>>> print(open('protein_9.cif').read())   # mmCIF, C-alpha atoms
data_entry
#
loop_
_atom_site.label_atom_id
_atom_site.label_comp_id
_atom_site.auth_asym_id
_atom_site.auth_seq_id
_atom_site.Cartn_x
_atom_site.Cartn_y
_atom_site.Cartn_z
CA MET C 256 27.78 -20.41 13.41
CA ARG C 257 29.60 -21.96 10.44
CA PHE C 258 33.30 -22.25 11.02
CA GLU C 259 34.13 -20.17 7.89
CA PHE C 260 32.17 -17.23 9.27
CA PHE C 261 33.68 -17.72 12.74
CA VAL C 262 37.23 -17.72 11.33
CA CYS C 263 36.62 -14.68 9.07
CA LEU C 264 35.39 -12.65 12.07
CA ARG C 265 38.50 -13.68 14.03
CA TYR C 266 40.71 -12.58 11.12
CA LEU C 267 39.07 -9.14 11.05
CA ARG C 268 39.76 -8.56 14.74
CA ALA C 269 42.96 -6.66 15.45
CA LYS C 270 45.69 -8.16 17.56
CA GLN C 271 48.69 -6.23 18.71
CA ARG C 272 50.85 -7.38 15.79
CA GLN C 273 47.99 -7.04 13.25
CA VAL C 274 47.03 -3.42 13.84
CA PHE C 275 48.18 -2.40 10.37
CA ILE C 276 45.86 -4.92 8.71
CA SER C 277 42.96 -3.72 10.82
CA ILE C 278 43.69 -0.10 9.89
CA ASN C 279 43.73 -1.07 6.21
CA ALA C 280 40.33 -2.72 6.66
CA LEU C 281 38.96 0.48 8.23
CA ILE C 282 40.42 2.52 5.34
CA SER C 283 38.74 0.15 2.87
CA ILE C 284 35.42 0.55 4.67
CA ALA C 285 35.85 4.34 4.63
CA GLY C 286 36.64 4.26 0.90
CA VAL C 287 33.49 2.30 0.08
CA MET C 288 31.44 4.55 2.37
CA LEU C 289 32.68 7.77 0.73
CA GLY C 290 32.13 6.35 -2.75
CA VAL C 291 28.55 5.32 -1.95
CA MET C 292 27.87 8.69 -0.28
CA ALA C 293 29.18 10.60 -3.31
CA MET C 294 27.11 8.52 -5.73
CA MET C 295 23.96 8.87 -3.67
CA VAL C 296 24.21 12.64 -3.19
CA VAL C 297 25.20 13.41 -6.80
CA LEU C 298 22.50 11.18 -8.31
CA ALA C 299 19.90 12.61 -5.90
CA VAL C 300 20.83 16.15 -6.95
CA MET C 301 20.76 15.23 -10.65
CA THR C 302 17.41 13.46 -10.22
CA GLY C 303 16.05 16.50 -8.38
CA PHE C 304 17.32 18.84 -11.07
CA SER C 305 15.79 16.66 -13.79
CA ALA C 306 12.46 16.51 -11.92
CA ASP C 307 12.52 20.29 -11.43
CA ILE C 308 13.17 20.89 -15.13
CA LYS C 309 10.43 18.43 -16.14
CA SER C 310 7.93 20.13 -13.81
CA LYS C 311 8.70 23.50 -15.38
CA ILE C 312 8.42 22.08 -18.89
CA LEU C 313 5.10 20.42 -18.06
CA GLY C 314 3.89 23.58 -16.33
CA MET C 315 4.37 25.76 -19.40
CA ASN C 316 3.44 23.16 -22.02
CA ALA C 317 0.49 20.88 -22.46
CA HIS C 318 0.99 17.15 -22.12
CA ILE C 319 -0.45 16.53 -25.59
CA ARG C 320 -1.26 18.73 -28.56
CA VAL C 321 -3.96 17.70 -31.01
CA MET C 322 -3.90 19.37 -34.43
CA SER C 323 -5.69 19.06 -37.72
CA ARG C 324 -3.88 17.87 -40.83
CA MET C 325 -5.66 20.68 -42.69
CA GLY C 326 -3.72 23.27 -40.66
CA LYS C 327 -6.60 25.12 -38.99
CA LEU C 328 -9.17 23.55 -36.71
CA LYS C 329 -12.84 24.44 -37.05
CA SER C 330 -15.64 23.56 -34.61
CA TYR C 331 -13.03 23.14 -31.91
CA ASN C 332 -15.56 23.16 -29.08
CA GLU C 333 -17.03 19.89 -30.35
CA VAL C 334 -13.54 18.43 -30.74
CA ILE C 335 -12.72 19.39 -27.14
CA LYS C 336 -15.80 17.54 -25.90
CA GLU C 337 -14.76 14.40 -27.79
CA ILE C 338 -11.19 14.60 -26.46
CA GLU C 339 -12.33 15.05 -22.85
CA ALA C 340 -14.42 11.90 -23.22
CA VAL C 341 -11.26 9.81 -23.72
CA GLU C 342 -10.09 7.89 -20.65
CA GLY C 343 -7.05 9.48 -19.01
CA VAL C 344 -7.77 13.02 -20.23
CA GLU C 345 -8.28 15.59 -17.48
CA ALA C 346 -8.89 18.76 -19.48
CA ALA C 347 -8.50 20.30 -22.93
CA ALA C 348 -8.30 23.87 -24.22
CA PRO C 349 -7.86 25.52 -27.66
CA PHE C 350 -4.72 27.44 -28.57
CA ILE C 351 -3.26 29.63 -31.31
CA HIS C 352 0.48 29.69 -31.90
CA SER C 353 2.36 32.20 -34.06
CA GLN C 354 5.70 33.99 -34.33
CA VAL C 355 5.45 37.77 -34.04
CA MET C 356 7.45 40.91 -33.34
CA LEU C 357 6.84 42.99 -30.22
CA ARG C 358 7.61 46.71 -30.09
CA CYS C 359 7.46 48.82 -26.94
CA GLY C 360 8.77 52.31 -27.58
CA PRO C 361 12.20 51.99 -29.22
CA SER C 362 12.67 48.35 -28.07
CA VAL C 363 11.86 45.49 -30.45
CA SER C 364 12.03 41.73 -29.87
CA GLY C 365 10.84 38.57 -31.56
CA ALA C 366 8.44 36.37 -29.62
CA ILE C 367 5.95 33.53 -29.80
CA LEU C 368 2.37 34.68 -29.41
CA LYS C 369 -0.06 32.17 -27.89
CA GLY C 370 -3.75 32.72 -27.95
CA ILE C 371 -5.49 30.96 -25.05
CA ASP C 372 -8.96 30.68 -23.60
CA PRO C 373 -8.64 32.22 -20.10
CA SER C 374 -11.52 30.12 -18.76
CA ARG C 375 -9.98 26.82 -19.91
CA ALA C 376 -6.21 27.30 -20.14
CA GLY C 377 -5.78 27.28 -16.35
CA ARG C 378 -6.87 23.63 -16.27
CA VAL C 379 -4.23 22.64 -18.85
CA LEU C 380 -1.28 24.94 -18.09
CA ASP C 381 0.29 26.05 -14.81
CA LEU C 382 0.77 29.58 -16.11
CA GLU C 383 -1.21 31.13 -13.25
CA LYS C 384 1.25 29.69 -10.72
CA CYS C 385 4.03 31.69 -12.40
CA MET C 386 2.10 34.97 -12.22
CA LYS C 387 2.03 37.24 -9.19
CA GLY C 388 -0.91 39.39 -8.19
CA THR C 389 -3.25 38.39 -11.02
CA ASP C 390 -4.54 35.45 -13.03
CA LEU C 391 -5.56 34.55 -16.58
CA GLN C 392 -8.95 36.22 -16.14
CA ALA C 393 -7.15 39.55 -16.64
CA LEU C 394 -7.08 38.69 -20.36
CA ALA C 395 -10.81 38.00 -20.37
CA GLN C 396 -11.58 41.25 -18.52
CA GLU C 397 -9.49 43.31 -20.91
CA ASN C 398 -11.12 41.60 -23.87
CA SER C 399 -14.69 42.06 -22.59
CA SER C 400 -14.13 45.74 -21.75
CA ARG C 401 -13.43 46.70 -25.36
CA THR C 402 -15.95 48.59 -27.45
CA VAL C 403 -15.99 49.63 -31.07
CA THR C 404 -15.06 53.22 -30.23
CA GLU C 405 -11.64 54.63 -30.98
CA THR C 406 -11.01 55.34 -27.30
CA ALA C 407 -11.51 51.72 -26.24
CA PRO C 408 -8.64 50.29 -24.16
CA PRO C 409 -6.39 47.81 -26.00
CA PRO C 410 -6.69 44.10 -25.22
CA GLY C 411 -4.38 42.59 -22.63
CA ILE C 412 -1.17 40.63 -23.09
CA ILE C 413 0.95 38.62 -20.62
CA LEU C 414 4.72 38.68 -21.09
CA GLY C 415 7.57 36.58 -19.76
CA LYS C 416 9.72 38.36 -17.18
CA GLU C 417 12.85 38.34 -19.34
CA LEU C 418 10.93 39.33 -22.47
CA ALA C 419 9.47 42.31 -20.60
CA ARG C 420 13.00 43.25 -19.49
CA LEU C 421 14.23 43.18 -23.09
CA LEU C 422 11.32 45.40 -24.13
CA THR C 423 11.61 47.60 -21.00
CA ALA C 424 7.87 46.98 -20.54
CA ASN C 425 6.01 46.94 -17.23
CA PRO C 426 2.41 46.10 -16.32
CA GLY C 427 0.20 48.90 -17.58
CA ASP C 428 2.46 49.80 -20.53
CA GLU C 429 1.24 49.54 -24.09
CA LEU C 430 3.05 47.78 -26.91
CA TYR C 431 2.47 46.73 -30.50
CA VAL C 432 2.28 43.15 -31.75
CA ILE C 433 3.40 42.90 -35.38
CA SER C 434 2.50 39.85 -37.46
CA PRO C 435 4.24 39.75 -40.86
CA LEU C 436 2.33 36.65 -41.99
CA SER C 437 -1.19 38.03 -41.66
CA GLY C 438 -0.69 41.40 -43.37
CA SER C 439 -2.37 42.58 -46.53
CA LEU C 440 -0.82 42.33 -49.99
CA THR C 441 0.44 45.43 -51.77
CA PRO C 442 -0.04 46.18 -55.50
CA ILE C 443 3.59 45.21 -56.18
CA GLY C 444 3.21 41.78 -54.55
CA GLY C 445 4.66 42.60 -51.12
CA ARG C 446 2.96 42.18 -47.80
CA VAL C 447 2.32 44.88 -45.22
CA PRO C 448 2.67 43.47 -41.67
CA ARG C 449 -0.44 43.57 -39.54
CA MET C 450 -0.02 45.51 -36.28
CA LYS C 451 -2.20 45.66 -33.18
CA LYS C 452 -1.85 47.52 -29.88
CA PHE C 453 -1.96 45.59 -26.58
CA SER C 454 -1.69 46.51 -22.92
CA VAL C 455 0.61 44.55 -20.60
CA VAL C 456 -1.63 43.17 -17.83
CA ALA C 457 0.81 40.79 -16.11
CA LEU C 458 4.24 39.15 -16.17
CA PHE C 459 5.10 35.50 -15.55
CA ASP C 460 8.28 33.90 -14.24
CA SER C 461 8.53 30.22 -15.13
CA GLY C 462 12.16 29.84 -14.05
CA MET C 463 13.11 28.73 -17.58
CA TYR C 464 15.06 31.40 -19.45
CA ASP C 465 13.98 30.14 -22.89
CA TYR C 466 10.31 30.43 -21.96
CA ASP C 467 10.60 33.74 -20.14
CA THR C 468 12.31 35.40 -23.15
CA THR C 469 10.08 33.89 -25.81
CA PHE C 470 6.43 33.50 -24.84
CA SER C 471 3.60 36.01 -24.68
CA TYR C 472 -0.08 35.25 -24.11
CA VAL C 473 -3.26 36.95 -25.31
CA SER C 474 -6.90 35.93 -25.35
CA ILE C 475 -7.91 33.62 -28.15
CA GLU C 476 -10.30 36.23 -29.59
CA SER C 477 -7.50 38.82 -29.82
CA ALA C 478 -5.22 36.30 -31.54
CA GLN C 479 -7.93 35.40 -34.03
CA GLN C 480 -8.46 39.07 -34.92
CA LEU C 481 -4.72 39.77 -35.24
CA LEU C 482 -3.99 36.70 -37.39
CA LYS C 483 -7.29 36.80 -39.32
CA LEU C 484 -8.24 33.28 -38.27
CA ARG C 485 -11.94 34.03 -37.84
CA ASP C 486 -13.46 31.24 -35.71
CA THR C 487 -10.59 28.74 -36.06
CA VAL C 488 -7.63 27.72 -33.90
CA HIS C 489 -4.34 25.94 -34.51
CA GLY C 490 -5.00 23.05 -32.17
CA ILE C 491 -6.12 21.67 -28.82
CA GLU C 492 -3.90 21.39 -25.75
CA VAL C 493 -4.62 18.38 -23.53
CA ARG C 494 -3.73 17.58 -19.92
CA VAL C 495 -3.65 13.91 -18.84
CA ASP C 496 -3.63 12.18 -15.46
CA ASP C 497 -0.38 10.28 -16.12
CA VAL C 498 2.35 12.19 -17.97
CA TYR C 499 4.22 8.95 -18.74
CA SER C 500 1.21 7.42 -20.52
CA VAL C 501 0.93 10.14 -23.17
CA LYS C 502 1.72 7.74 -26.01
CA ARG C 503 -1.17 5.43 -25.11
CA ILE C 504 -3.58 8.34 -24.54
CA SER C 505 -2.50 10.01 -27.81
CA ASP C 506 -3.33 6.82 -29.71
CA ALA C 507 -6.71 6.64 -27.96
CA ILE C 508 -7.47 10.26 -28.90
CA LEU C 509 -6.61 9.68 -32.55
CA GLU C 510 -8.70 6.52 -32.60
CA HIS C 511 -11.62 8.43 -31.07
CA LEU C 512 -11.38 11.44 -33.42
CA GLY C 513 -10.76 9.46 -36.57
CA PRO C 514 -8.52 10.41 -39.55
CA GLY C 515 -7.54 13.99 -40.21
CA TYR C 516 -5.78 14.68 -36.91
CA TRP C 517 -2.29 14.23 -35.51
CA THR C 518 -0.82 14.56 -32.03
CA GLN C 519 2.44 15.62 -30.41
CA ASP C 520 3.25 14.86 -26.75
CA TRP C 521 5.65 16.58 -24.36
CA MET C 522 8.27 13.82 -24.68
CA GLN C 523 8.43 14.28 -28.44
CA MET C 524 8.64 18.07 -28.13
CA ASN C 525 11.56 17.83 -25.67
CA ARG C 526 13.19 14.62 -26.90
CA ASN C 527 16.73 16.02 -27.27
CA PHE C 528 16.73 17.76 -23.90
CA LEU C 529 15.38 14.73 -22.01
CA SER C 530 17.90 12.45 -23.74
CA ALA C 531 20.73 14.79 -22.70
CA LEU C 532 19.59 14.71 -19.06
CA LYS C 533 19.42 10.92 -19.07
CA LEU C 534 22.83 10.56 -20.73
CA GLU C 535 24.37 13.01 -18.25
CA LYS C 536 23.07 11.00 -15.31
CA VAL C 537 24.41 7.72 -16.75
CA VAL C 538 27.84 9.21 -17.44
CA MET C 539 28.02 10.70 -13.95
CA PHE C 540 27.13 7.31 -12.46
CA ILE C 541 29.94 5.63 -14.41
CA ILE C 542 32.44 8.28 -13.30
CA LEU C 543 31.45 7.95 -9.64
CA VAL C 544 31.78 4.16 -9.81
CA MET C 545 35.51 4.82 -10.17
CA ILE C 546 35.56 6.00 -6.55
CA ILE C 547 34.27 2.62 -5.40
CA LEU C 548 36.80 0.90 -7.69
CA VAL C 549 39.58 2.74 -5.85
CA ALA C 550 38.15 1.43 -2.59
CA ALA C 551 38.07 -2.04 -4.16
CA PHE C 552 41.84 -1.92 -4.65
CA ASN C 553 42.12 -1.19 -0.93
CA ILE C 554 40.05 -4.31 -0.25
CA ILE C 555 42.36 -6.36 -2.49
CA SER C 556 45.50 -5.10 -0.76
CA THR C 557 43.97 -5.68 2.70
CA LEU C 558 43.04 -9.29 1.85
CA ILE C 559 46.44 -9.99 0.26
CA MET C 560 48.23 -8.79 3.41
CA MET C 561 45.80 -10.83 5.50
CA VAL C 562 46.58 -13.97 3.46
CA MET C 563 50.32 -13.38 3.84
CA ASP C 564 49.94 -12.88 7.60
CA LYS C 565 47.68 -15.91 8.04
CA THR C 566 49.75 -18.35 5.96
CA LYS C 567 50.52 -20.62 8.95
CA GLU C 568 46.88 -20.60 10.11
CA ILE C 569 45.64 -21.45 6.61
CA ALA C 570 48.10 -24.35 6.40
CA ILE C 571 46.92 -25.67 9.78
CA LEU C 572 43.26 -25.42 8.71
CA LYS C 573 43.95 -27.33 5.50
CA SER C 574 45.98 -29.93 7.42
CA MET C 575 42.98 -30.43 9.72
CA GLY C 576 40.74 -31.12 6.73
CA ALA C 577 39.48 -27.73 5.58
CA LYS C 578 38.77 -27.74 1.86
CA ALA C 579 40.01 -25.15 -0.63
CA LYS C 580 36.45 -23.86 -1.07
CA SER C 581 36.16 -23.25 2.68
CA ILE C 582 39.42 -21.27 2.74
CA MET C 583 38.26 -19.23 -0.26
CA ARG C 584 34.90 -18.64 1.39
CA ILE C 585 36.59 -17.26 4.54
CA PHE C 586 38.38 -14.47 2.67
CA VAL C 587 35.41 -13.77 0.41
CA MET C 588 33.37 -13.21 3.58
CA ASP C 589 36.06 -10.89 4.93
CA GLY C 590 35.90 -8.75 1.78
CA LEU C 591 32.10 -8.80 1.69
CA ILE C 592 31.89 -7.70 5.33
CA ILE C 593 34.07 -4.72 4.44
CA GLY C 594 31.88 -3.97 1.41
CA VAL C 595 28.57 -4.41 3.25
CA VAL C 596 29.59 -2.27 6.22
CA GLY C 597 30.96 0.45 3.92
CA THR C 598 27.83 0.37 1.77
CA ILE C 599 25.46 0.60 4.75
CA LEU C 600 27.42 3.46 6.29
CA GLY C 601 27.57 5.20 2.89
CA LEU C 602 23.81 4.90 2.36
CA MET C 603 23.14 6.21 5.86
CA GLY C 604 25.56 9.12 5.42
CA GLY C 605 24.28 9.91 1.92
CA GLY C 606 20.67 9.82 3.09
CA LEU C 607 21.48 12.13 6.01
CA LEU C 608 23.32 14.58 3.75
CA CYS C 609 20.45 14.58 1.22
CA TYR C 610 17.99 15.26 4.03
CA LEU C 611 20.09 18.16 5.31
CA LEU C 612 20.44 19.61 1.80
CA LYS C 613 16.69 19.43 1.26
CA ARG C 614 15.68 20.53 4.75
CA TYR C 615 18.06 23.42 5.42
CA GLU C 616 19.10 24.39 1.84
CA PHE C 617 22.53 25.54 2.98
CA VAL C 618 24.04 25.26 -0.53
CA LYS C 619 23.02 28.44 -2.34
CA LEU C 620 23.21 28.98 -6.10
CA PRO C 621 23.14 32.26 -8.06
CA SER C 622 19.57 32.37 -9.34
CA ASP C 623 20.47 34.65 -12.26
CA VAL C 624 22.72 31.89 -13.63
CA TYR C 625 20.94 28.62 -12.71
CA TYR C 626 17.37 29.94 -12.20
CA ILE C 627 17.24 27.88 -9.01
CA SER C 628 18.40 29.24 -5.66
CA THR C 629 19.20 25.92 -3.96
CA LEU C 630 20.20 22.40 -4.94
CA PRO C 631 17.10 20.32 -5.76
CA VAL C 632 17.33 16.89 -4.09
CA LYS C 633 15.21 13.85 -4.88
CA VAL C 634 16.17 10.38 -3.63
CA GLN C 635 14.72 7.50 -5.65
CA VAL C 636 14.51 3.92 -4.39
CA LEU C 637 15.73 2.61 -7.75
CA ASP C 638 18.86 4.79 -7.60
CA VAL C 639 19.62 3.68 -4.04
CA THR C 640 19.17 0.03 -5.03
CA ILE C 641 21.48 0.34 -8.03
CA ILE C 642 24.13 2.11 -5.93
CA ALA C 643 24.03 -0.56 -3.21
CA LEU C 644 24.15 -3.45 -5.68
CA SER C 645 27.02 -1.84 -7.62
CA ALA C 646 29.07 -1.33 -4.44
CA LEU C 647 28.45 -4.90 -3.26
CA ALA C 648 29.24 -6.36 -6.69
CA ILE C 649 32.54 -4.45 -6.90
CA SER C 650 33.44 -5.49 -3.34
CA PHE C 651 32.69 -9.14 -4.18
CA LEU C 652 34.81 -9.07 -7.33
CA ALA C 653 37.67 -7.53 -5.34
CA THR C 654 37.73 -10.55 -3.03
CA LEU C 655 38.08 -13.24 -5.71
CA TYR C 656 41.81 -13.03 -6.50
CA PRO C 657 43.12 -12.92 -2.88
CA SER C 658 40.67 -15.64 -1.85
CA TYR C 659 41.68 -17.84 -4.77
CA GLN C 660 45.35 -17.43 -3.91
CA ALA C 661 44.65 -18.38 -0.29
CA SER C 662 42.77 -21.51 -1.36
CA ARG C 663 45.74 -22.68 -3.46
CA LEU C 664 48.17 -22.53 -0.55
CA GLU C 665 49.96 -25.86 0.05
CA PRO C 666 50.16 -26.82 3.76
CA ALA C 667 53.57 -28.48 3.46
CA ALA C 668 55.16 -25.42 1.82
CA ALA C 669 53.58 -23.06 4.35
CA ILE C 670 54.76 -24.82 7.53
CA ARG C 671 58.05 -26.25 6.23
CA TYR C 672 60.17 -23.82 8.18
CA GLU C 673 57.93 -23.52 11.23
#
>>> encode(input="protein_9.cif", output="structure tokens")
Amino acid sequence: MRFEFFVCLRYLRAKQRQVFISINALISIAGVMLGVMAMMVVLAVMTGFSADIKSKILGMNAHIRVMSRMGKLKSYNEVIKEIEAVEGVEAAAPFIHSQVMLRCGPSVSGAILKGIDPSRAGRVLDLEKCMKGTDLQALAQENSSRTVTETAPPPGIILGKELARLLTANPGDELYVISPLSGSLTPIGGRVPRMKKFSVVALFDSGMYDYDTTFSYVSIESAQQLLKLRDTVHGIEVRVDDVYSVKRISDAILEHLGPGYWTQDWMQMNRNFLSALKLEKVVMFIILVMIILVAAFNIISTLIMMVMDKTKEIAILKSMGAKAKSIMRIFVMDGLIIGVVGTILGLMGGGLLCYLLKRYEFVKLPSDVYYISTLPVKVQVLDVTIIALSALAISFLATLYPSYQASRLEPAAAIRYE
């Protein structure tokens, strides 16, 4: 054992007249531990919340949208085959997207109408996971059961839970979809909105208020008839195997299809929201670092009192030939031991608390406000590494001034009156 390490361990041990210094060291360790625990738990919760939001966004939206620069896309089945041949693409499905008005009895609400292919959309969207008691084939069944007679049942429509609440609509009820953009022109130059009756076949609950109050789904044939699109669609929705490689896969799709197309990925569609989540996490990390800085001041005060108490011993060591660097190294080791022990205990305590939060879910949240009933927790190795390195770096910086002052101590001045 090097003598610097041996001496620093002796200095950390409490003697009868040094109990106060030892208590200060324990308080410093507790401060670092609590700071690391707070950072770990808060960042794990924020990471879990961000992951939960991203999963809901990716569940209700395609990873990539491919659209024609001409507006409408013809021969979309051939385009889907070409897109699915690109490496990294798992599935593709056509879609129609339009803003409409929904009327159920006296209730009226604006909404986004999406026309989907029930046989393909399930491979691209996770909409079926948000539906209870039915699946997307309900749209296909309603569409195939229609005849040209006046008594034919209306085609089916799927509504978001909150949108259905606004319309006071339940499964089995009928409503009207009104499209002002596809109506016929009047002799005076106006436009009569086009209106079509639908039957509510299911509700979905995505957990995202904006989606649940906005989206409604019908079969792609019904959307084409309502919007007078004939055999065209607005674009192709694509699902990929790696959601963080959408930029590369988008470029490959455009290169494969040639000119005349453009793409939009999920990161571009949610750029502002994702940037806000990232900024919030960074700001919270900076704020929580302040807790460790407070513990660092405890380390500084502990080392300063230790230097004052060990003045005679330092003078004797220097008189025996110890260099200034060795004296400085002794007190740096003392501070680092405090920081390392506090960091390890903090990581262990934070990991245990995160496990308990995830395992037993004892922190409940009002689901009508947050749309999640418990705190989502996700511990990332990168976050843990950054927390540990930050705590150790702050602890090391806190040792420099007291250690430097100890190394400058003159032996003659220290033992003059001894």
>>> atom_distance(input="protein_9.cif", atom1="atom CA of C:His318", atom2="atom CA of C:Val297")
28.9 Å
>>> atom_distance(input="protein_9.cif", atom1="atom CA of C:Lys384", atom2="atom CA of C:Trp517")
29.4 Å
>>> residues_around(input="protein_9.cif", residues="C:Pro409", least_positions_apart="4", cutoff="7 Å", atoms="only C-alpha atoms", output="ChimeraX atom specification")
/C:452-454
>>> residues_around(input="protein_9.cif", residues="C:Ser658", least_positions_apart="4", cutoff="12 Å", atoms="only C-alpha atoms", output="PyMOL selection string")
chain C and resi 263+554-563+569+579-591+651-654+662-664
>>> residues_around(input="protein_9.cif", residues="stretch 338-354 of chain C", least_positions_apart="4", cutoff="6 Å", atoms="all atoms listed in the file", output="number ranges by chain")
C: 366-371, 375-376, 488-496
>>> residues_around(input="protein_9.cif", residues="C:Pro361", least_positions_apart="5", cutoff="12 Å", atoms="only C-alpha atoms", output="list in words")
Leu421, Leu422, Thr423, Ala424, Leu430 and Tyr431 of chain C
>>> write_last_selection(input="protein_9.cif", atoms="C-alpha atoms", output="short mmCIF file (atom, residue, chain, number, x, y, z; two decimals), keeping the file's coordinate frame")
data_model
loop_
_atom_site.label_atom_id
_atom_site.label_comp_id
_atom_site.auth_asym_id
_atom_site.auth_seq_id
_atom_site.Cartn_x
_atom_site.Cartn_y
_atom_site.Cartn_z
CA LEU C 421 14.23 43.18 -23.09
CA LEU C 422 11.32 45.40 -24.13
CA THR C 423 11.61 47.60 -21.00
CA ALA C 424 7.87 46.98 -20.54
CA LEU C 430 3.05 47.78 -26.91
CA TYR C 431 2.47 46.73 -30.50
#
>>> residues_around(input="protein_9.cif", residues="stretch 533-549 of chain C", least_positions_apart="2", cutoff="12 Å", atoms="all atoms listed in the file", output="ChimeraX atom specification")
/C:282-306,526-531,551-556,594,597-598,601,638-639,641-653
>>> resolve_selection(input="protein_9.cif", expression="the PyMOL selection byres ((chain C and resi 609) around 8)", output="list in words")
Val296, Ala299, Gly605, Gly606, Leu607, Leu608, Tyr610, Leu611, Leu612, Lys613, Val632 and Val634 of chain C
